[in-house]
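**Student:** For reference, the structure I am asking about is given below.
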Amino acid sequence: MRATARVLVYSDDAGTREQVRLAAGRRPAADLPPVEFLECATLPAVLTELDAGGIDACVLDGEAVPAGGMGVCRQIKDEIFRCPPVLLLMGRPQDAWLATWSRADAAVTLPVDPVAFADALAGLLRTRLSLDA
């Protein structure tokens, strides 16, 4: 098992980034390595971190401004080679179709439900880490 899993968290709201960190805890599931969070508040920071590599999953805030997580997701899926899986945070369950449009791998609603979030993130990390092994 790898020493850590690196998760990029994008939101312009520090409170949302904190909700994500608290919901995942040190590790979202017992069979996964501890999680190391990289927090980004702007689109240029997200692109810089993804270009550097080593990211195992992304959590993108669909309600972020000025660049919303749905548009960011679609952009990185088009532009980043071997793009990490994306967990999208949506404002309403009715926006699930937008998550599909953005090519997100999973989606949960805000405010972050710790159980649903940890389950979704764990599923993405299991897939990514098993492919990298």
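As shown in the structure tokens, the chain order sets the letters A, B, ...; within each chain, residues go from 1, and ligands are also counted from 1 in the order they appear.
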Got a sec: who's within 8 Å of range 126-129 of chain A, counting only C-alpha atoms, leaving out chain neighbours fewer than 4 positions off, as a ChimeraX atom specification?
**Tutor:** /A:32,56-57,84-85,122,133
**Student:** Could those residues be written to a file, using N, CA and C atoms, as a PDB file, in the first residue's frame?
**Tutor:**
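Below is the file out27.pdb, written as the result:
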```
ATOM      1  N   LEU A  32      -7.548   1.987   2.810  1.00  0.00           N
ATOM      2  CA  LEU A  32      -6.834   2.990   2.028  1.00  0.00           C
ATOM      3  C   LEU A  32      -5.745   3.638   2.856  1.00  0.00           C
ATOM      4  N   ASP A  56      -4.103  11.828  -6.776  1.00  0.00           N
ATOM      5  CA  ASP A  56      -4.860  10.579  -6.885  1.00  0.00           C
ATOM      6  C   ASP A  56      -6.354  10.796  -7.089  1.00  0.00           C
ATOM      7  N   ALA A  57      -6.886  11.933  -6.645  1.00  0.00           N
ATOM      8  CA  ALA A  57      -8.301  12.258  -6.834  1.00  0.00           C
ATOM      9  C   ALA A  57      -8.485  13.760  -6.661  1.00  0.00           C
ATOM     10  N   PRO A  84      -6.945  12.513 -12.915  1.00  0.00           N
ATOM     11  CA  PRO A  84      -7.429  11.775 -11.740  1.00  0.00           C
ATOM     12  C   PRO A  84      -8.954  11.773 -11.697  1.00  0.00           C
ATOM     13  N   PRO A  85      -9.544  10.811 -11.008  1.00  0.00           N
ATOM     14  CA  PRO A  85     -11.001  10.813 -10.876  1.00  0.00           C
ATOM     15  C   PRO A  85     -11.469  12.046 -10.113  1.00  0.00           C
ATOM     16  N   ALA A 122     -13.643   7.214  -1.169  1.00  0.00           N
ATOM     17  CA  ALA A 122     -12.983   5.918  -1.029  1.00  0.00           C
ATOM     18  C   ALA A 122     -13.104   5.100  -2.316  1.00  0.00           C
ATOM     19  N   ALA A 133      -1.167   0.511  -9.256  1.00  0.00           N
ATOM     20  CA  ALA A 133      -0.337  -0.539  -8.624  1.00  0.00           C
ATOM     21  C   ALA A 133       0.293  -1.442  -9.649  1.00  0.00           C
TER      22      ALA A 133
END
```
**Student:** What's the 10 Å shell around Gln75 in chain A, counting only C-alpha atoms, without same-chain residues fewer than 6 positions away, as a ChimeraX atom specification?
**Tutor:** /A:47,69,102-103
**Student:** Any chance you could list, as number ranges by chain, the residues in chain A that come up helix (DSSP H, G or I) when DSSP is run on the backbone?
**Tutor:** A: 14-24, 43-52, 69-79, 93-102, 114-132
**Student:** DSSP says strand (DSSP E) for which residues of chain A? Put them as a list in words?
**Tutor:**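 Output for chain A, strand (DSSP E) only: Ala5, Arg6, Val7, Leu8, Val9, Tyr10, Val35, Glu36, Phe37, Leu38, Glu39, Cys40, Ala57, Cys58, Val59, Leu60, Asp61, Val86, Leu87, Leu88, Leu89, Met90, Ala106, Ala107, Val108 and Thr109 of chain A.
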**Student:** Excluding same-chain residues fewer than 6 positions from Ile76 in chain A, what lies within 12 Å of it counting only C-alpha atoms, as a JSON list (two decimals) with N, CA and C atoms, in the first residue's frame?
**Tutor:**
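Output saved as part-v8.json:
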```
[["chain", "number", "residue", "atom", "x", "y", "z"],
["A", 43, "LEU", "N", -8.57, 28.49, -10.13],
["A", 43, "LEU", "CA", -8.36, 27.59, -11.26],
["A", 43, "LEU", "C", -6.88, 27.48, -11.64],
["A", 44, "PRO", "N", -6.13, 28.60, -11.72],
["A", 44, "PRO", "CA", -4.71, 28.46, -12.06],
["A", 44, "PRO", "C", -3.95, 27.55, -11.07],
["A", 46, "VAL", "N", -5.22, 25.00, -9.43],
["A", 46, "VAL", "CA", -5.63, 23.62, -9.75],
["A", 46, "VAL", "C", -4.82, 23.10, -10.93],
["A", 47, "LEU", "N", -4.75, 23.89, -11.99],
["A", 47, "LEU", "CA", -4.04, 23.46, -13.20],
["A", 47, "LEU", "C", -2.55, 23.26, -12.93],
["A", 48, "THR", "N", -1.95, 24.11, -12.11],
["A", 48, "THR", "CA", -0.54, 23.97, -11.76],
["A", 48, "THR", "C", -0.30, 22.66, -11.01],
["A", 49, "GLU", "N", -1.13, 22.36, -10.03],
["A", 49, "GLU", "CA", -0.98, 21.13, -9.25],
["A", 49, "GLU", "C", -1.19, 19.89, -10.11],
["A", 50, "LEU", "N", -2.19, 19.92, -10.99],
["A", 50, "LEU", "CA", -2.45, 18.76, -11.85],
["A", 50, "LEU", "C", -1.32, 18.57, -12.86],
["A", 51, "ASP", "N", -0.76, 19.66, -13.38],
["A", 51, "ASP", "CA", 0.36, 19.55, -14.30],
["A", 51, "ASP", "C", 1.58, 18.95, -13.61],
["A", 58, "CYS", "N", -9.53, 14.28, -7.27],
["A", 58, "CYS", "CA", -9.87, 15.70, -7.14],
["A", 58, "CYS", "C", -11.27, 15.83, -6.55],
["A", 60, "LEU", "N", -13.99, 18.82, -6.44],
["A", 60, "LEU", "CA", -14.24, 20.14, -7.01],
["A", 60, "LEU", "C", -15.59, 20.67, -6.56],
["A", 69, "GLY", "N", -16.82, 24.31, -10.29],
["A", 69, "GLY", "CA", -16.22, 22.99, -10.35],
["A", 69, "GLY", "C", -16.68, 22.15, -11.53],
["A", 70, "MET", "N", -17.90, 22.38, -12.02],
["A", 70, "MET", "CA", -18.40, 21.59, -13.15],
["A", 70, "MET", "C", -17.62, 21.93, -14.42],
["A", 82, "ARG", "N", -4.34, 11.33, -18.37],
["A", 82, "ARG", "CA", -4.61, 10.47, -17.21],
["A", 82, "ARG", "C", -5.15, 11.27, -16.03],
["A", 83, "CYS", "N", -6.16, 12.05, -16.33],
["A", 83, "CYS", "CA", -6.79, 12.91, -15.31],
["A", 83, "CYS", "C", -7.24, 12.06, -14.13],
["A", 84, "PRO", "N", -6.94, 12.51, -12.92],
["A", 84, "PRO", "CA", -7.43, 11.77, -11.74],
["A", 84, "PRO", "C", -8.95, 11.77, -11.70],
["A", 85, "PRO", "N", -9.54, 10.81, -11.01],
["A", 85, "PRO", "CA", -11.00, 10.81, -10.88],
["A", 85, "PRO", "C", -11.47, 12.05, -10.11],
["A", 86, "VAL", "N", -12.67, 12.51, -10.44],
["A", 86, "VAL", "CA", -13.20, 13.74, -9.87],
["A", 86, "VAL", "C", -14.48, 13.46, -9.09],
["A", 102, "SER", "N", -20.33, 17.28, -17.01],
["A", 102, "SER", "CA", -18.96, 17.69, -16.70],
["A", 102, "SER", "C", -17.98, 16.53, -16.70],
["A", 103, "ARG", "N", -18.51, 15.30, -16.80],
["A", 103, "ARG", "CA", -17.72, 14.06, -16.80],
["A", 103, "ARG", "C", -17.13, 13.73, -15.43],
["A", 104, "ALA", "N", -17.80, 14.18, -14.38],
["A", 104, "ALA", "CA", -17.37, 13.83, -13.02],
["A", 104, "ALA", "C", -17.54, 12.33, -12.81]]
```
**Student:** For Ala116 in chain A, which residue among A:Ala24, A:Leu98, A:Val72, A:Cys40 is the nearest when counting only C-alpha atoms?
**Tutor:**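 Of the candidates, the smallest distance to Ala116 in chain A is held by A:Ala24.
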**Student:** Would you please work out which residue, of A:Pro33, A:Pro111, A:Gly25, A:Gly62, is nearest to Arg2 in chain A when using only C-alpha atoms?
**Tutor:**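 Of A:Pro33, A:Pro111, A:Gly25, A:Gly62, the one nearest Arg2 in chain A, counting only C-alpha atoms, is A:Pro33.
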**Student:** When you count only C-alpha atoms, which of these residues is closest to Asp132 in chain A: A:Arg26, A:Ala107, A:Arg21, A:Gly54?
**Tutor:**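 The answer is A:Gly54, which sits nearest to Asp132 in chain A.
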